[in-house]
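Student: Just so it is clear, I am handing over coords_8.csv, which has CSV, C-alpha atoms and all ligand atoms.
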```
chain,number,residue,atom,x,y,z
A,1,MET,CA,-21.7,16.8,10.8
A,2,SER,CA,-22.6,19.9,12.9
A,3,SER,CA,-22.6,23.2,11.1
A,4,ASN,CA,-20.4,24.5,14.0
A,5,GLN,CA,-17.7,22.0,13.0
A,6,PHE,CA,-18.1,23.1,9.4
A,7,ALA,CA,-17.7,26.8,10.5
A,8,LYS,CA,-14.7,26.0,12.6
A,9,ASP,CA,-12.9,24.0,9.9
A,10,VAL,CA,-13.6,26.7,7.3
A,11,ARG,CA,-12.3,29.4,9.5
A,12,GLU,CA,-9.2,27.4,10.3
A,13,GLY,CA,-8.6,26.5,6.7
A,14,LEU,CA,-9.1,30.0,5.3
A,15,SER,CA,-6.9,31.5,8.0
A,16,SER,CA,-4.0,29.1,7.2
A,17,THR,CA,-1.1,29.7,4.9
A,18,PRO,CA,-1.6,28.2,2.4
A,19,LYS,CA,-5.4,28.4,2.5
A,20,ARG,CA,-7.1,25.0,2.4
A,21,LEU,CA,-10.6,23.5,2.6
A,22,SER,CA,-11.4,19.9,3.5
A,23,SER,CA,-12.7,17.7,0.6
A,24,LYS,CA,-15.0,15.9,3.1
A,25,TYR,CA,-17.3,19.0,2.8
A,26,PHE,CA,-17.7,18.5,-1.0
A,27,TYR,CA,-20.6,16.2,-0.4
A,28,ASP,CA,-23.8,18.2,0.2
A,29,ALA,CA,-26.9,17.3,-1.9
A,30,GLN,CA,-25.5,19.2,-5.0
A,31,GLY,CA,-22.0,17.8,-4.4
A,32,ASP,CA,-23.4,14.2,-4.3
A,33,LYS,CA,-25.0,14.9,-7.7
A,34,TYR,CA,-21.8,16.3,-9.2
A,35,PHE,CA,-19.8,13.3,-8.0
A,36,GLN,CA,-22.4,11.0,-9.6
A,37,GLN,CA,-21.8,12.9,-12.9
A,38,ILE,CA,-18.0,12.7,-12.4
A,39,MET,CA,-18.3,8.9,-12.2
A,40,GLN,CA,-19.9,8.8,-15.6
A,41,LEU,CA,-17.3,11.0,-17.3
A,42,ASP,CA,-15.1,9.5,-20.1
A,43,GLU,CA,-12.0,10.8,-18.4
A,44,TYR,CA,-12.8,9.5,-15.0
A,45,TYR,CA,-11.7,5.9,-15.4
A,46,LEU,CA,-11.6,5.0,-11.7
A,47,THR,CA,-15.2,4.0,-11.2
A,48,ARG,CA,-15.3,1.9,-14.4
A,49,ALA,CA,-12.1,0.1,-13.5
A,50,GLU,CA,-13.2,-0.8,-10.0
A,51,LEU,CA,-16.6,-1.9,-11.4
A,52,ASN,CA,-14.7,-4.1,-13.9
A,53,ILE,CA,-12.9,-5.8,-11.0
A,54,PHE,CA,-16.3,-6.5,-9.3
A,55,GLN,CA,-17.8,-7.7,-12.5
A,56,THR,CA,-15.0,-10.1,-13.6
A,57,GLN,CA,-14.0,-11.4,-10.2
A,58,SER,CA,-17.1,-11.6,-8.1
A,59,GLN,CA,-16.9,-15.3,-7.6
A,60,GLN,CA,-13.3,-15.0,-6.4
A,61,LEU,CA,-14.4,-12.4,-3.9
A,62,LEU,CA,-17.3,-14.5,-2.7
A,63,ASP,CA,-15.0,-17.5,-2.2
A,64,LEU,CA,-12.7,-15.4,0.0
A,65,PHE,CA,-15.5,-13.8,2.0
A,66,ASP,CA,-17.7,-16.7,2.8
A,67,SER,CA,-15.0,-19.3,3.5
A,68,GLY,CA,-15.9,-19.0,7.2
A,69,GLY,CA,-19.7,-18.9,6.7
A,70,ALA,CA,-21.9,-15.8,7.3
A,71,PHE,CA,-20.2,-12.4,6.8
A,72,ARG,CA,-21.0,-8.7,7.0
A,73,ILE,CA,-19.8,-6.0,4.6
A,74,VAL,CA,-19.2,-2.6,6.2
A,75,GLU,CA,-18.7,0.0,3.5
A,76,LEU,CA,-17.0,3.2,4.7
A,77,GLY,CA,-17.9,6.3,2.6
A,78,ALA,CA,-20.4,4.2,0.5
A,79,GLY,CA,-21.7,7.1,-1.7
A,80,ASP,CA,-24.3,5.8,-4.1
A,81,GLY,CA,-23.1,2.2,-3.6
A,82,MET,CA,-23.4,1.6,-7.3
A,83,LYS,CA,-20.3,-0.7,-7.7
A,84,THR,CA,-21.1,-2.5,-4.4
A,85,LYS,CA,-24.7,-3.1,-5.6
A,86,PHE,CA,-23.4,-5.2,-8.4
A,87,LEU,CA,-21.5,-7.4,-6.0
A,88,LEU,CA,-24.3,-7.7,-3.5
A,89,LYS,CA,-26.7,-8.8,-6.2
A,90,TYR,CA,-24.3,-11.5,-7.3
A,91,PHE,CA,-23.8,-12.7,-3.7
A,92,GLN,CA,-27.6,-12.8,-3.2
A,93,ASP,CA,-28.1,-14.8,-6.4
A,94,LYS,CA,-25.6,-17.3,-5.1
A,95,GLY,CA,-27.5,-17.6,-1.9
A,96,ALA,CA,-24.7,-16.2,0.3
A,97,ASP,CA,-25.5,-15.4,4.0
A,98,PHE,CA,-24.4,-11.8,4.5
A,99,SER,CA,-25.5,-8.4,5.7
A,100,TYR,CA,-24.6,-4.9,4.5
A,101,CYS,CA,-23.8,-1.8,6.5
A,102,PRO,CA,-23.1,1.3,4.4
A,103,VAL,CA,-21.6,4.3,6.3
A,104,ASP,CA,-21.6,7.8,4.9
A,105,ILE,CA,-21.3,11.3,6.2
A,106,SER,CA,-24.0,12.4,3.7
A,107,ALA,CA,-27.4,11.4,5.1
A,108,ASN,CA,-28.8,12.4,1.7
A,109,VAL,CA,-26.7,10.0,-0.4
A,110,LEU,CA,-27.2,7.2,2.2
A,111,GLU,CA,-31.0,7.5,2.0
A,112,GLU,CA,-30.8,7.3,-1.8
A,113,LEU,CA,-28.6,4.3,-1.6
A,114,ARG,CA,-31.0,2.6,0.9
A,115,LYS,CA,-34.0,3.1,-1.4
A,116,ASN,CA,-32.1,2.1,-4.4
A,117,MET,CA,-30.7,-1.1,-2.9
A,118,LEU,CA,-34.0,-2.2,-1.5
A,119,GLU,CA,-35.8,-1.6,-4.7
A,120,GLU,CA,-33.6,-4.1,-6.5
A,121,MET,CA,-33.0,-6.4,-3.5
A,122,PRO,CA,-36.0,-6.2,-1.2
A,123,THR,CA,-34.7,-9.0,1.1
A,124,LEU,CA,-31.3,-7.4,1.5
A,125,ASN,CA,-30.3,-7.4,5.2
A,126,MET,CA,-29.1,-3.8,5.5
A,127,GLU,CA,-28.2,-1.4,8.3
A,128,PRO,CA,-27.2,2.0,7.0
A,129,LEU,CA,-25.3,4.3,9.4
A,130,ALA,CA,-25.0,8.1,8.8
A,131,GLY,CA,-21.8,9.5,10.3
A,132,ASP,CA,-18.2,10.4,10.0
A,133,TYR,CA,-16.2,7.2,9.6
A,134,PHE,CA,-13.4,8.6,11.8
A,135,GLN,CA,-15.9,8.8,14.6
A,136,VAL,CA,-18.3,5.8,14.2
A,137,LEU,CA,-15.8,2.9,13.9
A,138,SER,CA,-16.3,1.8,17.4
A,139,ASP,CA,-20.2,2.0,17.0
A,140,LEU,CA,-19.9,-0.7,14.2
A,141,LYS,CA,-19.3,-3.4,16.8
A,142,PHE,CA,-17.0,-5.5,14.7
A,143,GLN,CA,-16.5,-8.0,17.6
A,144,ASN,CA,-20.2,-9.0,17.6
A,145,HIS,CA,-20.3,-10.2,14.1
A,146,LYS,CA,-19.0,-13.4,12.5
A,147,ARG,CA,-16.7,-12.2,9.7
A,148,ASN,CA,-16.5,-8.5,8.8
A,149,ILE,CA,-15.3,-7.3,5.5
A,150,ALA,CA,-14.6,-3.5,5.6
A,151,PHE,CA,-14.8,-1.9,2.2
A,152,PHE,CA,-13.0,1.3,1.4
A,153,LEU,CA,-13.5,1.8,-2.3
A,154,GLY,CA,-13.0,4.4,-5.0
A,155,SER,CA,-9.3,5.1,-4.0
A,156,ASN,CA,-10.7,7.3,-1.2
A,157,ILE,CA,-7.6,6.4,0.7
A,158,GLY,CA,-5.7,8.6,-1.9
A,159,ASN,CA,-7.5,11.6,-0.5
A,160,PHE,CA,-5.8,11.2,2.9
A,161,ARG,CA,-2.5,12.7,3.9
A,162,ARG,CA,0.0,9.9,4.7
A,163,ASP,CA,-0.2,10.4,8.5
A,164,LEU,CA,-4.0,10.5,8.4
A,165,ALA,CA,-4.1,7.4,6.2
A,166,ILE,CA,-1.9,5.5,8.7
A,167,ASP,CA,-4.1,6.7,11.6
A,168,PHE,CA,-7.3,5.8,9.9
A,169,LEU,CA,-6.2,2.3,8.6
A,170,SER,CA,-4.6,1.5,12.0
A,171,SER,CA,-7.9,2.4,13.8
A,172,ILE,CA,-9.8,0.1,11.3
A,173,GLN,CA,-7.3,-2.6,12.1
A,174,ARG,CA,-7.8,-2.2,15.9
A,175,ASN,CA,-11.5,-2.5,15.5
A,176,LEU,CA,-11.5,-5.5,13.3
A,177,LYS,CA,-10.8,-9.0,14.7
A,178,THR,CA,-8.6,-11.9,13.4
A,179,GLY,CA,-10.2,-13.4,10.3
A,180,ASP,CA,-11.8,-10.1,9.2
A,181,PHE,CA,-10.7,-8.4,5.9
A,182,LEU,CA,-10.3,-4.9,4.6
A,183,LEU,CA,-10.9,-4.5,0.9
A,184,ILE,CA,-9.4,-1.3,-0.2
A,185,GLY,CA,-9.3,0.4,-3.6
A,186,PHE,CA,-6.1,2.0,-4.9
A,187,ASP,CA,-5.7,4.0,-8.1
A,188,LEU,CA,-2.4,2.9,-9.6
A,189,LYS,CA,0.4,5.1,-11.0
A,190,LYS,CA,0.1,5.4,-14.7
A,191,ASP,CA,0.5,7.9,-17.6
A,192,PRO,CA,0.4,11.3,-15.9
A,193,LYS,CA,-1.7,12.8,-18.7
A,194,ARG,CA,-4.4,10.2,-18.1
A,195,ILE,CA,-4.4,10.9,-14.4
A,196,LEU,CA,-4.5,14.7,-14.8
A,197,SER,CA,-7.4,14.6,-17.3
A,198,ALA,CA,-9.5,12.5,-14.8
A,199,TYR,CA,-9.4,15.6,-12.5
A,200,ASN,CA,-9.7,18.2,-15.2
A,201,ASP,CA,-12.5,16.9,-17.4
A,202,SER,CA,-13.5,18.6,-20.7
A,203,LYS,CA,-17.1,19.3,-19.5
A,204,GLY,CA,-15.9,21.1,-16.4
A,205,VAL,CA,-17.9,18.9,-14.0
A,206,THR,CA,-14.9,18.5,-11.6
A,207,LYS,CA,-14.4,22.3,-11.6
A,208,ALA,CA,-18.1,22.8,-10.7
A,209,PHE,CA,-17.7,20.1,-8.0
A,210,ASN,CA,-14.9,22.0,-6.4
A,211,LEU,CA,-16.6,25.4,-6.8
A,212,ASN,CA,-19.7,23.9,-5.2
A,213,LEU,CA,-17.9,24.0,-1.9
A,214,LEU,CA,-17.6,27.8,-2.1
A,215,ASN,CA,-21.3,27.8,-2.9
A,216,ARG,CA,-21.9,25.7,0.2
A,217,ILE,CA,-19.9,28.1,2.3
A,218,ASN,CA,-22.0,31.0,0.9
A,219,ARG,CA,-25.3,29.2,1.7
A,220,GLU,CA,-24.4,27.7,5.1
A,221,LEU,CA,-22.1,30.3,6.5
A,222,GLY,CA,-23.4,33.5,4.8
A,223,GLY,CA,-20.5,33.9,2.5
A,224,ASN,CA,-20.1,36.1,-0.6
A,225,PHE,CA,-17.7,34.0,-2.7
A,226,GLN,CA,-18.0,34.9,-6.4
A,227,MET,CA,-17.8,31.7,-8.3
A,228,ASP,CA,-16.3,33.3,-11.5
A,229,ALA,CA,-13.5,34.9,-9.4
A,230,PHE,CA,-11.9,31.5,-8.9
A,231,ASP,CA,-10.4,28.9,-11.3
A,232,HIS,CA,-9.9,25.2,-10.8
A,233,ASN,CA,-6.3,24.1,-11.1
A,234,PRO,CA,-5.3,20.4,-10.6
A,235,ILE,CA,-1.7,19.3,-10.9
A,236,TYR,CA,-0.1,15.8,-11.0
A,237,ASP,CA,3.4,15.2,-9.5
A,238,PRO,CA,4.8,11.8,-10.8
A,239,MET,CA,7.5,11.9,-8.1
A,240,THR,CA,5.0,11.6,-5.2
A,241,GLY,CA,2.0,10.2,-7.2
A,242,GLU,CA,-0.1,13.0,-5.8
A,243,CYS,CA,-2.7,14.8,-7.9
A,244,ARG,CA,-3.6,18.0,-6.0
A,245,SER,CA,-6.5,20.3,-6.8
A,246,TYR,CA,-6.6,24.0,-6.1
A,247,LEU,CA,-9.1,26.8,-6.5
A,248,ILE,CA,-7.1,29.9,-7.4
A,249,ALA,CA,-8.3,33.5,-6.8
A,250,LYS,CA,-8.0,35.3,-10.2
A,251,SER,CA,-7.7,38.7,-8.6
A,252,PRO,CA,-7.1,40.3,-5.2
A,253,GLN,CA,-10.4,40.1,-3.2
A,254,GLN,CA,-12.0,39.9,0.2
A,255,VAL,CA,-14.6,37.3,1.1
A,256,TYR,CA,-16.9,37.9,4.1
A,257,LEU,CA,-18.6,35.1,6.0
A,258,SER,CA,-21.5,36.6,8.1
A,259,THR,CA,-21.8,33.5,10.3
A,260,LEU,CA,-18.3,34.0,11.5
A,261,ASP,CA,-18.4,37.8,11.1
A,262,GLU,CA,-15.0,37.5,9.6
A,263,ALA,CA,-13.4,38.6,6.3
A,264,PHE,CA,-10.7,36.7,4.5
A,265,GLU,CA,-8.2,38.4,2.1
A,266,PHE,CA,-7.1,36.8,-1.1
A,267,LYS,CA,-4.0,37.9,-3.1
A,268,ALA,CA,-4.2,37.6,-6.9
A,269,TRP,CA,-3.5,34.0,-7.9
A,270,GLU,CA,-3.6,32.8,-4.3
A,271,PRO,CA,-4.6,29.1,-4.2
A,272,ILE,CA,-6.9,27.3,-1.8
A,273,TYR,CA,-5.8,23.7,-1.5
A,274,MET,CA,-8.9,21.5,-1.9
A,275,GLU,CA,-7.9,17.9,-2.3
A,276,VAL,CA,-5.1,15.3,-2.9
A,277,SER,CA,-5.7,12.1,-4.8
A,278,LYS,CA,-2.6,10.0,-4.4
A,279,LYS,CA,-1.7,7.2,-6.8
A,280,TYR,CA,0.1,4.2,-5.6
A,281,ASP,CA,2.4,1.4,-6.8
A,282,LEU,CA,2.2,-2.1,-5.4
A,283,GLY,CA,5.3,-1.6,-3.2
A,284,GLU,CA,3.7,1.4,-1.5
A,285,ILE,CA,0.5,-0.6,-1.0
A,286,ASP,CA,2.4,-3.4,0.7
A,287,ASP,CA,4.3,-1.0,2.9
A,288,LEU,CA,1.0,0.7,4.0
A,289,ALA,CA,-0.6,-2.6,4.9
A,290,LYS,CA,2.5,-3.7,6.9
A,291,GLU,CA,2.7,-0.3,8.7
A,292,THR,CA,-0.9,-0.5,9.8
A,293,GLY,CA,-1.0,-4.1,11.1
A,294,PHE,CA,-2.3,-5.9,8.0
A,295,ARG,CA,-1.0,-8.4,5.4
A,296,VAL,CA,-1.9,-8.2,1.7
A,297,LYS,CA,-3.8,-11.3,1.0
A,298,LYS,CA,-4.6,-10.6,-2.7
A,299,ASN,CA,-4.5,-7.8,-5.2
A,300,LEU,CA,-7.3,-7.9,-7.8
A,301,PHE,CA,-6.8,-5.8,-11.0
A,302,ASP,CA,-9.2,-4.5,-13.7
A,303,SER,CA,-8.5,-5.7,-17.2
A,304,ASP,CA,-6.4,-2.6,-18.1
A,305,ASP,CA,-4.4,-2.7,-14.9
A,306,LEU,CA,-5.4,0.9,-14.0
A,307,PHE,CA,-6.7,0.1,-10.5
A,308,THR,CA,-6.4,-2.5,-7.8
A,309,ASP,CA,-8.7,-3.7,-5.1
A,310,SER,CA,-6.3,-5.0,-2.4
A,311,ILE,CA,-7.6,-7.5,0.1
A,312,TRP,CA,-5.9,-7.2,3.5
A,313,GLU,CA,-6.2,-9.4,6.5
A,314,VAL,CA,-5.5,-8.5,10.1
A,315,VAL,CA,-2.1,-9.8,11.2
B,401,LIG,C1,-15.5,10.0,-3.6
B,401,LIG,S1,-17.0,9.4,-2.9
B,401,LIG,C2,-16.8,7.7,-3.2
B,401,LIG,C3,-18.0,6.9,-3.0
B,401,LIG,C4,-17.8,5.4,-3.2
B,401,LIG,N1,-17.0,4.9,-2.1
B,401,LIG,C5,-17.3,5.0,-4.5
B,401,LIG,O1,-16.2,4.4,-4.5
B,401,LIG,O2,-17.9,5.3,-5.5
B,401,LIG,C6,-16.7,9.6,-1.2
B,401,LIG,C7,-17.9,9.3,-0.3
B,401,LIG,O3,-17.4,9.3,1.0
B,401,LIG,C8,-18.2,10.1,1.8
B,401,LIG,N2,-17.3,10.6,2.9
B,401,LIG,C9,-16.4,11.6,2.7
B,401,LIG,N3,-15.8,11.8,3.9
B,401,LIG,C10,-16.4,11.0,4.8
B,401,LIG,C11,-16.2,10.8,6.2
B,401,LIG,N4,-15.3,11.5,6.9
B,401,LIG,N5,-17.1,9.9,6.8
B,401,LIG,C12,-18.0,9.2,6.2
B,401,LIG,N6,-18.2,9.4,4.8
B,401,LIG,C13,-17.4,10.3,4.2
B,401,LIG,C14,-18.8,11.1,0.9
B,401,LIG,O4,-20.1,11.6,1.4
B,401,LIG,C15,-19.0,10.3,-0.4
B,401,LIG,O5,-20.2,9.7,-0.5
```
Just give me the structure as structure tokens.
Ligand SMILES: C[S@@+](CC[C@H](N)C(=O)[O-])C[C@H]1O[C@@H](n2cnc3c(N)ncnc32)[C@H](O)[C@@H]1O
Tutor:
Amino acid sequence: MSSNQFAKDVREGLSSTPKRLSSKYFYDAQGDKYFQQIMQLDEYYLTRAELNIFQTQSQQLLDLFDSGGAFRIVELGAGDGMKTKFLLKYFQDKGADFSYCPVDISANVLEELRKNMLEEMPTLNMEPLAGDYFQVLSDLKFQNHKRNIAFFLGSNIGNFRRDLAIDFLSSIQRNLKTGDFLLIGFDLKKDPKRILSAYNDSKGVTKAFNLNLLNRINRELGGNFQMDAFDHNPIYDPMTGECRSYLIAKSPQQVYLSTLDEAFEFKAWEPIYMEVSKKYDLGEIDDLAKETGFRVKKNLFDSDDLFTDSIWEVV
């Protein structure tokens, strides 16, 4: 990710009405650390639920994946790969013939993942790729491999606007070949209070995670954002299933970014739209698969039915 692109996106976002910043920029070294803390929080059920699926249904997954022999797992936005590591260890113990290609925009988190995986699985056949998954899909050469299983975990798809989700999934579909799968995690609609508290934790880690992007702008673009002049405000709309996070300016202020030589005005209580985390029901998942050229092969659920890993095949 070039800093020019970052500067361009920040300028565009802070000049828009309403102001917005892209959540893909959350993940600098500090942002990676915050996200790892978020995954440990009591309120953040998503990681535990998806891990539970991998822990309780690993043989079922292996039966699906290796029915045609050797396979390759390509994980888009792998992060620290903690949940996947559990599955890969199981596959190795069972003697499965597979390779693993984690892709992440954060070279920092990818290097941590690489070291960590090889420490526990020295013989793992692994090819990490640092890059933006919107841009590197064609570099992944899906056609040259036996069976590919693309992983898109953690309900990351919920962070996409609907049109972007459709574009992204369609371009995964176009790159995959018949017989390949996409395993995609969806957070399910549930008690709105439970959803909201996952994005508004009592320790304030999610708030720090959001504010860290202002800090990153200060550091990388010579900004003068004051952290205590903004508050973190997530809301959940049960009609759309969207949980949206905002940072809100607590007073009128001006923020200057020296790299851009540009100042941005904030009115009192003006929001910056940071992220959407959409929650799905099974009908919506089915529609999304159909609309992007896939068929739902199987939905796997955690033991509390909070989350599903949906396995899609190319139609
Ligand atoms: C919310 S974390 C989830 C990590 C992991 N998939 C999980 O379920 O625990 C999102 C990860 O996607 C990466 N990411 C975000 N936008 C990306 C992009 N456009 N291209 C590649 N990786 C991206 C981030 O660096 C981060 O590691």
Student: Give the residues close to ligand LIG 401 (chain B), within 8 Å, counting all atoms listed in the file; write them as a tab-separated table (two decimals) with C-alpha atoms, keeping the file's coordinate frame.
Tutor:
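Ended up saving to result.tsv:
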```
chain	number	residue	atom	x	y	z
A	23	SER	CA	-12.70	17.70	0.60
A	24	LYS	CA	-15.00	15.90	3.10
A	25	TYR	CA	-17.30	19.00	2.80
A	26	PHE	CA	-17.70	18.50	-1.00
A	27	TYR	CA	-20.60	16.20	-0.40
A	28	ASP	CA	-23.80	18.20	0.20
A	32	ASP	CA	-23.40	14.20	-4.30
A	35	PHE	CA	-19.80	13.30	-8.00
A	39	MET	CA	-18.30	8.90	-12.20
A	47	THR	CA	-15.20	4.00	-11.20
A	75	GLU	CA	-18.70	0.00	3.50
A	76	LEU	CA	-17.00	3.20	4.70
A	77	GLY	CA	-17.90	6.30	2.60
A	78	ALA	CA	-20.40	4.20	0.50
A	79	GLY	CA	-21.70	7.10	-1.70
A	80	ASP	CA	-24.30	5.80	-4.10
A	81	GLY	CA	-23.10	2.20	-3.60
A	82	MET	CA	-23.40	1.60	-7.30
A	83	LYS	CA	-20.30	-0.70	-7.70
A	103	VAL	CA	-21.60	4.30	6.30
A	104	ASP	CA	-21.60	7.80	4.90
A	105	ILE	CA	-21.30	11.30	6.20
A	106	SER	CA	-24.00	12.40	3.70
A	109	VAL	CA	-26.70	10.00	-0.40
A	110	LEU	CA	-27.20	7.20	2.20
A	130	ALA	CA	-25.00	8.10	8.80
A	131	GLY	CA	-21.80	9.50	10.30
A	132	ASP	CA	-18.20	10.40	10.00
A	133	TYR	CA	-16.20	7.20	9.60
A	134	PHE	CA	-13.40	8.60	11.80
A	135	GLN	CA	-15.90	8.80	14.60
A	152	PHE	CA	-13.00	1.30	1.40
A	153	LEU	CA	-13.50	1.80	-2.30
A	154	GLY	CA	-13.00	4.40	-5.00
A	155	SER	CA	-9.30	5.10	-4.00
A	156	ASN	CA	-10.70	7.30	-1.20
```
Student: Could you give me, as a list of chain:residue names, the residues within 6 Å of segment 69-72 of chain A, counting all atoms listed in the file and dropping anything in the same chain fewer than 6 positions from it?
Tutor: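 Here the qualifying residues turn out to be A:Asp97, A:Phe98, A:Ser99, A:Tyr100, A:Lys146, A:Arg147, A:Asn148.
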Student: Contacts of segment 62-68 of chain A at 10 Å or less, counting all atoms listed in the file, minus same-chain residues fewer than 5 places along, as an mmCIF file with C-alpha atoms, in the frame of the given file?
Tutor:
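Written file, result_22.cif:
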```cif
data_model
loop_
_atom_site.group_PDB
_atom_site.id
_atom_site.type_symbol
_atom_site.label_atom_id
_atom_site.label_comp_id
_atom_site.auth_asym_id
_atom_site.auth_seq_id
_atom_site.Cartn_x
_atom_site.Cartn_y
_atom_site.Cartn_z
ATOM 1 C CA GLN A 57 -14.000 -11.400 -10.200
ATOM 2 C CA ILE A 73 -19.800 -6.000 4.600
ATOM 3 C CA LEU A 87 -21.500 -7.400 -6.000
ATOM 4 C CA LEU A 88 -24.300 -7.700 -3.500
ATOM 5 C CA TYR A 90 -24.300 -11.500 -7.300
ATOM 6 C CA PHE A 91 -23.800 -12.700 -3.700
ATOM 7 C CA LYS A 94 -25.600 -17.300 -5.100
ATOM 8 C CA ALA A 96 -24.700 -16.200 0.300
ATOM 9 C CA ASP A 97 -25.500 -15.400 4.000
ATOM 10 C CA PHE A 98 -24.400 -11.800 4.500
ATOM 11 C CA LYS A 146 -19.000 -13.400 12.500
ATOM 12 C CA ARG A 147 -16.700 -12.200 9.700
ATOM 13 C CA ASN A 148 -16.500 -8.500 8.800
ATOM 14 C CA ILE A 149 -15.300 -7.300 5.500
ATOM 15 C CA GLY A 179 -10.200 -13.400 10.300
ATOM 16 C CA ASP A 180 -11.800 -10.100 9.200
ATOM 17 C CA PHE A 181 -10.700 -8.400 5.900
ATOM 18 C CA LYS A 297 -3.800 -11.300 1.000
ATOM 19 C CA LYS A 298 -4.600 -10.600 -2.700
ATOM 20 C CA ILE A 311 -7.600 -7.500 0.100
#
```
Student: Taking into account only C-alpha atoms, which residue in the set A:Gly222, A:Gly13, A:Gly241, A:Gly204 is nearest to Pro271 of chain A?
Tutor: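 Among the listed residues, A:Gly13 lies closest to Pro271 of chain A.
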Student: Could you tell me which of A:Leu211, A:Leu14, A:Leu137, A:Ala289 comes closest to Asn175 of chain A if we count only C-alpha atoms?
Tutor: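 Residue with the minimum atom-to-atom distance to Asn175 of chain A: A:Leu137.
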